Amino acid sequence: MRTLYLEPFAGIAGDMFIGAMIDLGLFSKDEFISAMKGLDLDDYGLSIEKGIRRGISGTDFKVEVHSGDHHHGHDHGHCHRHLSDILSILERSSLPENVKNRSERAFRMLAQAEASVHGVDLESIHFHEVGAVDSIVDVVGSFMALHMAGADRVVSSPVNVGSGTVKCAHGVLPVPAPATARLLEGIPVISQGDPLERTTPTGALILKTSVESYGSLPSGRIVATGYGLGDKDTELPNALRITLLEEEEDEKLPWIPGEAVVLEANVDDMNPQDFASAMEKLFDAGAWDVFLTSIMMKKQRPGTRITCVCSLELERRCAEIILKNTSTIGLRCRRENRYTLRREETMELTSLGPVRLKKAYWGDRIVKRTIEYDDLKDISERHTIPLMELRDRLTSELGVWTDEK
């Protein structure tokens with residue numbers, strides 16, 4: 001199994017990620033430039049050169065915009081685009097489908113983070129910095145690089161977010177910027193080095209959409225190492241390291257083994273209406289599952305058991321949420337083995353609009369397909385079509401339950 005291991009010890013941005021991927025040597029810079037011609041954008045060029053940061057040699061990737069937004073590489077101009085504008089750019093592109101789908105998902109995720117931070121709906125969001133040509137290229141280029149590398153999974157160490165303040169379209173804000181902080185929820189972070197923004201929104205999007213787990217370097221054979229260089233000259237080498245590993249597999253399993261943390265608390269003195277808020281906070285933090293079970297407690301009092309299943313990295317965060325948002329004064333914690341099927345989410349077009357389609361694989365064979373409920377609910381409300389009728393209609397339209405070649 002080929003694994004990419006990211007080490008954002010000095011932070012991560014889209015240009016640093018692409019530079020490191022090219023530096024790995026899995027594809028040439030000319031092959032990458034040719035692949036990116038499928039992105040239908042204003043006139044721009046790509047500068048890909050070798051460079052050095054604090055004695056570390058790597059690849060310096062930059063987008064050079066020749067017209068439109070600006071002419072300064074990554075000095076973002078004042079181009080404002082709505083989510084629909086960016087989705088339109090992606091839709092008319094001739095990019096590989098998985099690159100297009102992952103880019104669409106990333107920008108939708110960013111729009112949701114921005115909408116949450118500013119307290120508005122998705123249609124009201126217009127991107128400032130990330131609406132500029134160079135940042136769109138950074139996001140799309142990152143997924144193109146992953147596509148060309150053909151790795152089986154991506155793992156990362158904790159990410160350095162930096163410190164201090166950053167000047168952006170909304171003024172001077174603390175690091176990480178609000179939308180970046182929202183995207184980083186559930187991701188282990190550190191803050192080291194000179195005060196500056198070390199993880200950008202594009203860097204956070206790459207982590208959020210691509211990384212399977214966080215931790216130390218997996219066991220295996222190192223195949224190649226690449227460094228992507230950032231723009232800053234600080235005491236920390238402004239570089240992102242990516243290592244390609246060949247992990248040994250005893251057997252080809254149709255599922256993915258792993259571990260999960262299970263947190264539980266028994267409660268008999270809490271207003272039942274308040275459980276909804278606690279569950280929502282746990283899901284927002286990144287919990288995989290949260291559920292309630294009716295139980296009989298001491299003195300024959302009816303009670304409720306709240307159970308939260310999450311990743312090892314989120315153990316303390318989820319425990320804190322349960323202790324702060326329920327009436328319990330203690331909880332139990334255990335680690336359990338976990339087996340999951342490989343999953344994929346694609347954006348599919350229907351006669352009533354785009355929907356996300358979740359697919360689960362047994363090895364290389366698709367065995368389960370589900371239309372995202374939130375998309376069904378949104379279309380149901382907009383078109384006043386009952387959910388059951390809508391699900392049957394779109395299932396038939398997409399051929400969800402038919403075998404795919």
# chains A, B, ... in the order shown; residues from 1 in each chain; ligands from 1
$ residues_around --residues "A:Ile329" --least-positions-apart "6" --cutoff "12 Å" --atoms "only C-alpha atoms" --output "list of chain:residue names"
A:Glu264, A:Ala265, A:Asn266, A:Val267, A:Asp268, A:Asp269, A:Met270, A:Ala319, A:Glu320, A:Ile322, A:Leu323
$ write_last_selection --atoms "all heavy atoms" --output "PDB file, in the first residue's frame"
ATOM      1  N   GLU A 264     -18.801   7.129  27.238  1.00  0.00           N
ATOM      2  CA  GLU A 264     -20.170   6.885  27.702  1.00  0.00           C
ATOM      3  C   GLU A 264     -20.397   7.537  29.053  1.00  0.00           C
ATOM      4  O   GLU A 264     -19.488   7.611  29.893  1.00  0.00           O
ATOM      5  CB  GLU A 264     -20.448   5.386  27.828  1.00  0.00           C
ATOM      6  CG  GLU A 264     -20.576   4.671  26.502  1.00  0.00           C
ATOM      7  CD  GLU A 264     -20.959   3.215  26.674  1.00  0.00           C
ATOM      8  OE1 GLU A 264     -20.782   2.678  27.790  1.00  0.00           O
ATOM      9  OE2 GLU A 264     -21.428   2.625  25.699  1.00  0.00           O
ATOM     10  N   ALA A 265     -21.630   7.997  29.266  1.00  0.00           N
ATOM     11  CA  ALA A 265     -22.030   8.536  30.566  1.00  0.00           C
ATOM     12  C   ALA A 265     -23.501   8.209  30.791  1.00  0.00           C
ATOM     13  O   ALA A 265     -24.312   8.310  29.858  1.00  0.00           O
ATOM     14  CB  ALA A 265     -21.811  10.039  30.620  1.00  0.00           C
ATOM     15  N   ASN A 266     -23.842   7.790  32.009  1.00  0.00           N
ATOM     16  CA  ASN A 266     -25.230   7.523  32.397  1.00  0.00           C
ATOM     17  C   ASN A 266     -25.794   8.748  33.107  1.00  0.00           C
ATOM     18  O   ASN A 266     -25.177   9.265  34.048  1.00  0.00           O
ATOM     19  CB  ASN A 266     -25.312   6.307  33.317  1.00  0.00           C
ATOM     20  CG  ASN A 266     -24.898   5.032  32.604  1.00  0.00           C
ATOM     21  OD1 ASN A 266     -24.734   5.018  31.380  1.00  0.00           O
ATOM     22  ND2 ASN A 266     -24.740   3.959  33.342  1.00  0.00           N
ATOM     23  N   VAL A 267     -26.957   9.219  32.678  1.00  0.00           N
ATOM     24  CA  VAL A 267     -27.532  10.457  33.208  1.00  0.00           C
ATOM     25  C   VAL A 267     -28.993  10.218  33.607  1.00  0.00           C
ATOM     26  O   VAL A 267     -29.754   9.623  32.832  1.00  0.00           O
ATOM     27  CB  VAL A 267     -27.469  11.584  32.153  1.00  0.00           C
ATOM     28  CG1 VAL A 267     -28.062  12.863  32.697  1.00  0.00           C
ATOM     29  CG2 VAL A 267     -26.036  11.805  31.678  1.00  0.00           C
ATOM     30  N   ASP A 268     -29.374  10.682  34.816  1.00  0.00           N
ATOM     31  CA  ASP A 268     -30.769  10.536  35.230  1.00  0.00           C
ATOM     32  C   ASP A 268     -31.345  11.831  35.815  1.00  0.00           C
ATOM     33  O   ASP A 268     -32.442  11.839  36.364  1.00  0.00           O
ATOM     34  CB  ASP A 268     -30.928   9.400  36.256  1.00  0.00           C
ATOM     35  CG  ASP A 268     -30.224   9.706  37.577  1.00  0.00           C
ATOM     36  OD1 ASP A 268     -29.551  10.747  37.671  1.00  0.00           O
ATOM     37  OD2 ASP A 268     -30.341   8.882  38.496  1.00  0.00           O
ATOM     38  N   ASP A 269     -30.605  12.940  35.707  1.00  0.00           N
ATOM     39  CA  ASP A 269     -31.074  14.192  36.306  1.00  0.00           C
ATOM     40  C   ASP A 269     -30.953  15.362  35.337  1.00  0.00           C
ATOM     41  O   ASP A 269     -30.663  16.489  35.722  1.00  0.00           O
ATOM     42  CB  ASP A 269     -30.271  14.500  37.579  1.00  0.00           C
ATOM     43  CG  ASP A 269     -28.773  14.592  37.307  1.00  0.00           C
ATOM     44  OD1 ASP A 269     -28.342  14.226  36.194  1.00  0.00           O
ATOM     45  OD2 ASP A 269     -28.045  15.041  38.204  1.00  0.00           O
ATOM     46  N   MET A 270     -31.193  15.102  34.054  1.00  0.00           N
ATOM     47  CA  MET A 270     -31.012  16.134  33.019  1.00  0.00           C
ATOM     48  C   MET A 270     -32.280  16.294  32.204  1.00  0.00           C
ATOM     49  O   MET A 270     -32.956  15.312  31.870  1.00  0.00           O
ATOM     50  CB  MET A 270     -29.834  15.733  32.126  1.00  0.00           C
ATOM     51  CG  MET A 270     -29.508  16.709  31.010  1.00  0.00           C
ATOM     52  SD  MET A 270     -27.968  16.196  30.189  1.00  0.00           S
ATOM     53  CE  MET A 270     -28.054  17.138  28.668  1.00  0.00           C
ATOM     54  N   ALA A 319     -14.681  14.343  25.314  1.00  0.00           N
ATOM     55  CA  ALA A 319     -14.925  14.163  26.750  1.00  0.00           C
ATOM     56  C   ALA A 319     -15.256  15.497  27.398  1.00  0.00           C
ATOM     57  O   ALA A 319     -16.166  15.599  28.236  1.00  0.00           O
ATOM     58  CB  ALA A 319     -13.687  13.545  27.404  1.00  0.00           C
ATOM     59  N   GLU A 320     -14.544  16.541  27.004  1.00  0.00           N
ATOM     60  CA  GLU A 320     -14.805  17.879  27.542  1.00  0.00           C
ATOM     61  C   GLU A 320     -16.217  18.351  27.203  1.00  0.00           C
ATOM     62  O   GLU A 320     -16.916  18.916  28.044  1.00  0.00           O
ATOM     63  CB  GLU A 320     -13.776  18.862  26.978  1.00  0.00           C
ATOM     64  CG  GLU A 320     -13.980  20.294  27.436  1.00  0.00           C
ATOM     65  CD  GLU A 320     -13.007  21.259  26.766  1.00  0.00           C
ATOM     66  OE1 GLU A 320     -12.085  20.786  26.082  1.00  0.00           O
ATOM     67  OE2 GLU A 320     -13.188  22.482  26.944  1.00  0.00           O
ATOM     68  N   ILE A 322     -18.898  16.484  26.618  1.00  0.00           N
ATOM     69  CA  ILE A 322     -19.881  15.740  27.411  1.00  0.00           C
ATOM     70  C   ILE A 322     -19.918  16.258  28.843  1.00  0.00           C
ATOM     71  O   ILE A 322     -20.991  16.475  29.423  1.00  0.00           O
ATOM     72  CB  ILE A 322     -19.557  14.233  27.379  1.00  0.00           C
ATOM     73  CG1 ILE A 322     -19.744  13.677  25.964  1.00  0.00           C
ATOM     74  CG2 ILE A 322     -20.451  13.472  28.368  1.00  0.00           C
ATOM     75  CD1 ILE A 322     -19.297  12.236  25.795  1.00  0.00           C
ATOM     76  N   LEU A 323     -18.758  16.504  29.443  1.00  0.00           N
ATOM     77  CA  LEU A 323     -18.710  16.974  30.822  1.00  0.00           C
ATOM     78  C   LEU A 323     -19.277  18.385  30.967  1.00  0.00           C
ATOM     79  O   LEU A 323     -19.894  18.712  31.985  1.00  0.00           O
ATOM     80  CB  LEU A 323     -17.262  16.942  31.333  1.00  0.00           C
ATOM     81  CG  LEU A 323     -16.671  15.535  31.542  1.00  0.00           C
ATOM     82  CD1 LEU A 323     -15.182  15.632  31.834  1.00  0.00           C
ATOM     83  CD2 LEU A 323     -17.386  14.816  32.687  1.00  0.00           C
TER      84      LEU A 323
END
$ residues_around --residues "A:Gly226" --least-positions-apart "5" --cutoff "6 Å" --atoms "only C-alpha atoms" --output "PyMOL selection string"
chain A and resi 20+23-24+241-242
$ write_last_selection --atoms "N, CA, C and O atoms" --output "PDB file, in the first residue's frame"
ATOM      1  N   ALA A  20       5.768  20.158  -2.911  1.00  0.00           N
ATOM      2  CA  ALA A  20       6.276  18.916  -2.323  1.00  0.00           C
ATOM      3  C   ALA A  20       5.912  17.708  -3.165  1.00  0.00           C
ATOM      4  O   ALA A  20       6.718  16.778  -3.322  1.00  0.00           O
ATOM      5  N   ASP A  23       8.127  17.650  -6.059  1.00  0.00           N
ATOM      6  CA  ASP A  23       9.481  17.338  -5.597  1.00  0.00           C
ATOM      7  C   ASP A  23       9.665  15.846  -5.325  1.00  0.00           C
ATOM      8  O   ASP A  23      10.796  15.345  -5.364  1.00  0.00           O
ATOM      9  N   LEU A  24       8.572  15.125  -5.059  1.00  0.00           N
ATOM     10  CA  LEU A  24       8.661  13.677  -4.838  1.00  0.00           C
ATOM     11  C   LEU A  24       9.176  12.953  -6.074  1.00  0.00           C
ATOM     12  O   LEU A  24       9.756  11.871  -5.974  1.00  0.00           O
ATOM     13  N   ARG A 241       7.198  18.836   4.204  1.00  0.00           N
ATOM     14  CA  ARG A 241       7.808  17.581   3.744  1.00  0.00           C
ATOM     15  C   ARG A 241       6.724  16.535   3.524  1.00  0.00           C
ATOM     16  O   ARG A 241       5.829  16.372   4.351  1.00  0.00           O
ATOM     17  N   ILE A 242       6.823  15.838   2.406  1.00  0.00           N
ATOM     18  CA  ILE A 242       5.934  14.712   2.114  1.00  0.00           C
ATOM     19  C   ILE A 242       6.796  13.491   1.826  1.00  0.00           C
ATOM     20  O   ILE A 242       7.721  13.548   1.004  1.00  0.00           O
TER      21      ILE A 242
END
$ residues_around --residues "A:Leu87" --least-positions-apart "6" --cutoff "12 Å" --atoms "only C-alpha atoms" --output "PyMOL selection string"
chain A and resi 39-40+81+93+100-108+111+131+136+140+347+354
$ write_last_selection --atoms "N, CA and C atoms" --output "tab-separated table (two decimals), in the first residue's frame"
chain	number	residue	atom	x	y	z
A	39	LEU	N	-8.11	23.19	-16.65
A	39	LEU	CA	-8.81	24.18	-15.82
A	39	LEU	C	-9.05	25.43	-16.66
A	40	ASP	N	-10.32	25.75	-16.85
A	40	ASP	CA	-10.71	26.87	-17.71
A	40	ASP	C	-10.74	28.16	-16.88
A	81	ARG	N	-15.57	36.19	-5.71
A	81	ARG	CA	-16.38	35.22	-6.43
A	81	ARG	C	-17.30	34.52	-5.46
A	93	SER	N	-14.73	22.87	-16.85
A	93	SER	CA	-13.35	22.41	-17.05
A	93	SER	C	-13.34	21.01	-17.65
A	100	LYS	N	-12.26	17.08	-10.25
A	100	LYS	CA	-13.36	18.03	-10.27
A	100	LYS	C	-14.26	17.85	-9.04
A	101	ASN	N	-14.59	16.61	-8.73
A	101	ASN	CA	-15.49	16.34	-7.60
A	101	ASN	C	-14.86	16.75	-6.27
A	102	ARG	N	-13.57	16.44	-6.08
A	102	ARG	CA	-12.91	16.78	-4.82
A	102	ARG	C	-12.75	18.29	-4.69
A	103	SER	N	-12.52	18.98	-5.80
A	103	SER	CA	-12.40	20.43	-5.76
A	103	SER	C	-13.75	21.06	-5.41
A	104	GLU	N	-14.83	20.56	-6.01
A	104	GLU	CA	-16.16	21.06	-5.69
A	104	GLU	C	-16.47	20.86	-4.21
A	105	ARG	N	-16.15	19.68	-3.70
A	105	ARG	CA	-16.41	19.39	-2.29
A	105	ARG	C	-15.63	20.34	-1.39
A	106	ALA	N	-14.36	20.61	-1.76
A	106	ALA	CA	-13.53	21.50	-0.95
A	106	ALA	C	-14.10	22.90	-0.89
A	107	PHE	N	-14.54	23.43	-2.03
A	107	PHE	CA	-15.08	24.79	-2.03
A	107	PHE	C	-16.43	24.86	-1.33
A	108	ARG	N	-17.22	23.82	-1.42
A	108	ARG	CA	-18.47	23.79	-0.65
A	108	ARG	C	-18.16	23.78	0.85
A	111	ALA	N	-17.15	27.24	1.82
A	111	ALA	CA	-18.32	28.12	1.86
A	111	ALA	C	-19.12	27.90	3.14
A	131	GLY	N	-11.04	33.41	-3.70
A	131	GLY	CA	-11.69	33.59	-4.99
A	131	GLY	C	-10.72	33.98	-6.08
A	136	ILE	N	-7.52	29.41	-6.50
A	136	ILE	CA	-8.30	28.38	-7.18
A	136	ILE	C	-7.36	27.34	-7.79
A	140	VAL	N	-7.28	23.28	-6.86
A	140	VAL	CA	-7.44	22.29	-7.94
A	140	VAL	C	-6.12	21.56	-8.20
A	347	MET	N	-20.02	14.10	-6.46
A	347	MET	CA	-21.11	15.03	-6.74
A	347	MET	C	-21.75	14.63	-8.06
A	354	PRO	N	-27.62	19.32	-8.22
A	354	PRO	CA	-26.55	18.41	-7.79
A	354	PRO	C	-26.84	17.76	-6.45
$ closest_residue --among "A:Ala278, A:Cys310, A:Leu236, A:Gly215" --to "A:Ala260" --atoms "only C-alpha atoms"
A:Cys310
$ select_by_dssp --residues "stretch 51-266 of chain A" --states "helix (DSSP H, G or I)" --output "MDAnalysis selection string"
chainID A and resid 83:91 97:118 122:124 129:131 133:149 178:183 201:210
$ atom_distance --atom1 "atom CA of A:Leu46" --atom2 "atom CA of A:Ser210"
23.3 Å
$ closest_residue --among "A:Leu205, A:Val309, A:Leu292, A:Leu83" --to "A:Arg182" --atoms "only C-alpha atoms"
A:Leu205
$ residues_around --residues "stretch 311-314 of chain A" --least-positions-apart "3" --cutoff "8 Å" --atoms "only C-alpha atoms" --output "list of chain:residue names"
A:Gly186, A:Ile187, A:Pro188, A:Tyr214, A:Glu259, A:Ala260, A:Val261, A:Ala285, A:Gly286, A:Ala287, A:Trp288, A:Arg317, A:Cys318
$ write_last_selection --atoms "N, CA, C and O atoms" --output "compact mmCIF listing (two decimals), in the first residue's frame"
# COMPACT_ATOMS: atom_id res chain seq x y z
N GLY A 186 -11.20 19.29 14.76
CA GLY A 186 -10.99 17.85 14.74
C GLY A 186 -9.60 17.45 14.30
O GLY A 186 -9.25 16.26 14.34
N ILE A 187 -8.78 18.42 13.88
CA ILE A 187 -7.42 18.14 13.41
C ILE A 187 -6.42 18.54 14.50
O ILE A 187 -6.51 19.65 15.02
N PRO A 188 -5.47 17.67 14.86
CA PRO A 188 -4.48 18.04 15.89
C PRO A 188 -3.55 19.14 15.38
O PRO A 188 -3.01 19.04 14.28
N TYR A 214 -4.10 11.03 11.67
CA TYR A 214 -2.97 11.84 12.12
C TYR A 214 -2.15 11.06 13.14
O TYR A 214 -2.70 10.34 13.97
N GLU A 259 -8.79 2.04 14.93
CA GLU A 259 -9.22 2.11 16.31
C GLU A 259 -10.20 3.25 16.51
O GLU A 259 -10.20 4.23 15.76
N ALA A 260 -11.04 3.12 17.53
CA ALA A 260 -12.00 4.17 17.87
C ALA A 260 -12.04 4.34 19.37
O ALA A 260 -11.75 3.40 20.13
N VAL A 261 -12.38 5.53 19.82
CA VAL A 261 -12.62 5.81 21.23
C VAL A 261 -14.12 5.82 21.47
O VAL A 261 -14.87 6.43 20.70
N ALA A 285 -17.75 18.79 16.46
CA ALA A 285 -16.33 18.59 16.81
C ALA A 285 -15.69 17.49 15.96
O ALA A 285 -14.46 17.36 15.95
N GLY A 286 -16.50 16.69 15.28
CA GLY A 286 -15.95 15.64 14.42
C GLY A 286 -16.22 14.23 14.87
O GLY A 286 -15.63 13.28 14.34
N ALA A 287 -17.12 14.04 15.87
CA ALA A 287 -17.45 12.69 16.33
C ALA A 287 -18.04 11.88 15.18
O ALA A 287 -18.78 12.39 14.35
N TRP A 288 -17.71 10.59 15.14
CA TRP A 288 -18.25 9.72 14.09
C TRP A 288 -19.70 9.35 14.35
O TRP A 288 -20.50 9.24 13.43
N ARG A 317 -11.26 16.19 23.51
CA ARG A 317 -12.21 17.23 23.10
C ARG A 317 -13.65 16.77 23.31
O ARG A 317 -14.48 17.50 23.85
N CYS A 318 -13.97 15.55 22.91
CA CYS A 318 -15.34 15.04 23.07
C CYS A 318 -15.68 14.79 24.54
O CYS A 318 -16.81 15.02 24.97
$ select_by_dssp --residues "stretch 220-295 of chain A" --states "strand (DSSP E or B)" --output "mmCIF file with C-alpha atoms, in the first residue's frame"
data_model
loop_
_atom_site.group_PDB
_atom_site.id
_atom_site.type_symbol
_atom_site.label_atom_id
_atom_site.label_comp_id
_atom_site.auth_asym_id
_atom_site.auth_seq_id
_atom_site.Cartn_x
_atom_site.Cartn_y
_atom_site.Cartn_z
ATOM 1 C CA ARG A 221 9.779 1.374 3.280
ATOM 2 C CA ILE A 222 10.560 4.976 2.275
ATOM 3 C CA VAL A 223 10.290 5.313 -1.491
ATOM 4 C CA ALA A 224 10.804 9.070 -1.912
ATOM 5 C CA THR A 225 10.799 12.362 -0.010
ATOM 6 C CA GLY A 226 9.812 15.787 -1.318
ATOM 7 C CA TYR A 227 9.874 19.346 0.055
ATOM 8 C CA GLY A 228 7.516 22.136 -0.988
ATOM 9 C CA LEU A 229 8.761 25.638 -0.203
ATOM 10 C CA ALA A 239 8.807 23.959 3.916
ATOM 11 C CA LEU A 240 6.340 21.086 3.864
ATOM 12 C CA ARG A 241 7.808 17.581 3.744
ATOM 13 C CA ILE A 242 5.934 14.712 2.114
ATOM 14 C CA THR A 243 7.229 11.149 2.329
ATOM 15 C CA LEU A 244 6.042 8.328 0.087
ATOM 16 C CA LEU A 245 6.013 5.008 1.919
ATOM 17 C CA GLU A 246 5.404 1.487 0.731
ATOM 18 C CA ILE A 256 -9.720 -0.869 6.637
ATOM 19 C CA PRO A 257 -8.687 -1.757 10.205
ATOM 20 C CA GLY A 258 -8.363 0.988 12.803
ATOM 21 C CA GLU A 259 -9.217 2.107 16.314
ATOM 22 C CA ALA A 260 -11.995 4.167 17.866
ATOM 23 C CA VAL A 261 -12.615 5.806 21.230
ATOM 24 C CA VAL A 262 -15.971 5.117 22.894
ATOM 25 C CA LEU A 263 -17.094 7.636 25.559
ATOM 26 C CA GLU A 264 -20.170 6.885 27.702
ATOM 27 C CA ALA A 265 -22.030 8.536 30.566
ATOM 28 C CA ASN A 266 -25.230 7.523 32.397
ATOM 29 C CA VAL A 267 -27.532 10.457 33.208
ATOM 30 C CA ASP A 289 -21.420 8.771 15.941
ATOM 31 C CA VAL A 290 -23.447 9.940 18.944
ATOM 32 C CA PHE A 291 -26.530 8.142 20.238
ATOM 33 C CA LEU A 292 -28.810 7.869 23.278
ATOM 34 C CA THR A 293 -30.002 4.680 24.993
ATOM 35 C CA SER A 294 -32.790 4.417 27.566
ATOM 36 C CA ILE A 295 -31.607 2.572 30.695
#
$ atom_distance --atom1 "atom CA of A:Ser57" --atom2 "atom CA of A:Met16"
12.8 Å
$ residues_around --residues "A:Pro218" --least-positions-apart "4" --cutoff "10 Å" --atoms "only C-alpha atoms" --output "list in words"
Thr3, Leu4, Tyr5, Val155, Ser156, Leu245, Glu246 and Glu247 of chain A
$ write_last_selection --atoms "all heavy atoms" --output "tab-separated table (two decimals), in the first residue's frame"
chain	number	residue	atom	x	y	z
A	3	THR	N	1.52	5.00	0.73
A	3	THR	CA	1.01	6.01	1.67
A	3	THR	C	1.82	7.29	1.56
A	3	THR	O	3.05	7.26	1.52
A	3	THR	CB	1.09	5.49	3.12
A	3	THR	OG1	0.25	4.34	3.25
A	3	THR	CG2	0.65	6.55	4.11
A	4	LEU	N	1.13	8.43	1.49
A	4	LEU	CA	1.77	9.73	1.55
A	4	LEU	C	1.71	10.23	2.99
A	4	LEU	O	0.63	10.28	3.59
A	4	LEU	CB	1.07	10.73	0.64
A	4	LEU	CG	1.20	10.50	-0.87
A	4	LEU	CD1	0.32	11.49	-1.62
A	4	LEU	CD2	2.66	10.63	-1.32
A	5	TYR	N	2.87	10.58	3.55
A	5	TYR	CA	2.92	11.08	4.92
A	5	TYR	C	3.32	12.55	4.91
A	5	TYR	O	4.42	12.91	4.48
A	5	TYR	CB	3.92	10.28	5.76
A	5	TYR	CG	3.96	10.71	7.22
A	5	TYR	CD1	2.83	10.56	8.03
A	5	TYR	CD2	5.12	11.26	7.77
A	5	TYR	CE1	2.87	10.96	9.36
A	5	TYR	CE2	5.15	11.64	9.10
A	5	TYR	CZ	4.03	11.49	9.89
A	5	TYR	OH	4.04	11.89	11.21
A	155	VAL	N	-1.66	10.31	5.25
A	155	VAL	CA	-1.56	10.43	6.71
A	155	VAL	C	-0.75	11.68	7.01
A	155	VAL	O	0.07	12.11	6.18
A	155	VAL	CB	-0.89	9.17	7.32
A	155	VAL	CG1	-0.79	9.27	8.84
A	155	VAL	CG2	-1.66	7.91	6.93
A	156	SER	N	-0.96	12.29	8.17
A	156	SER	CA	-0.24	13.51	8.49
A	156	SER	C	0.14	13.57	9.96
A	156	SER	O	-0.52	12.98	10.81
A	156	SER	CB	-1.11	14.74	8.14
A	156	SER	OG	-0.46	15.95	8.49
A	245	LEU	N	5.66	6.28	1.28
A	245	LEU	CA	6.01	5.01	1.92
A	245	LEU	C	5.32	3.85	1.22
A	245	LEU	O	4.19	3.97	0.75
A	245	LEU	CB	5.55	5.01	3.39
A	245	LEU	CG	6.28	5.94	4.35
A	245	LEU	CD1	5.36	6.33	5.47
A	245	LEU	CD2	7.51	5.25	4.90
A	246	GLU	N	6.00	2.74	1.18
A	246	GLU	CA	5.40	1.49	0.73
A	246	GLU	C	5.18	0.66	1.98
A	246	GLU	O	6.12	0.17	2.59
A	246	GLU	CB	6.33	0.76	-0.24
A	246	GLU	CG	5.66	-0.38	-0.99
A	246	GLU	CD	4.69	0.11	-2.05
A	246	GLU	OE1	5.03	1.04	-2.80
A	246	GLU	OE2	3.56	-0.45	-2.10
A	247	GLU	N	3.90	0.55	2.39
A	247	GLU	CA	3.58	-0.20	3.61
A	247	GLU	C	3.33	-1.66	3.27
A	247	GLU	O	2.67	-1.98	2.27
A	247	GLU	CB	2.34	0.39	4.29
A	247	GLU	CG	2.54	1.79	4.84
A	247	GLU	CD	1.37	2.24	5.68
A	247	GLU	OE1	1.20	1.70	6.80
A	247	GLU	OE2	0.61	3.09	5.22
$ residues_around --residues "stretch 387-401 of chain A" --least-positions-apart "5" --cutoff "10 Å" --atoms "only C-alpha atoms" --output "PyMOL selection string"
chain A and resi 348-352+355+357-359+366-371+373+376-381
$ residues_around --residues "A:Glu197" --least-positions-apart "4" --cutoff "8 Å" --atoms "only C-alpha atoms" --output "list in words"
Val161, Gly162, Ser163, Gly164, Thr165, Val166, Val175 and Pro176 of chain A
$ atom_distance --atom1 "atom CA of A:Ile56" --atom2 "atom CA of A:Ser216"
21.5 Å
$ closest_residue --among "A:Val63, A:Val172, A:Val211, A:Ala132" --to "A:Asp85" --atoms "only C-alpha atoms"
A:Ala132
$ closest_residue --among "A:Gly38, A:Pro254, A:Gly25, A:Gly141" --to "A:Thr202" --atoms "only C-alpha atoms"
A:Gly141
$ closest_residue --among "A:Leu253, A:Ser28, A:Val159, A:Glu235" --to "A:Thr340" --atoms "only C-alpha atoms"
A:Leu253
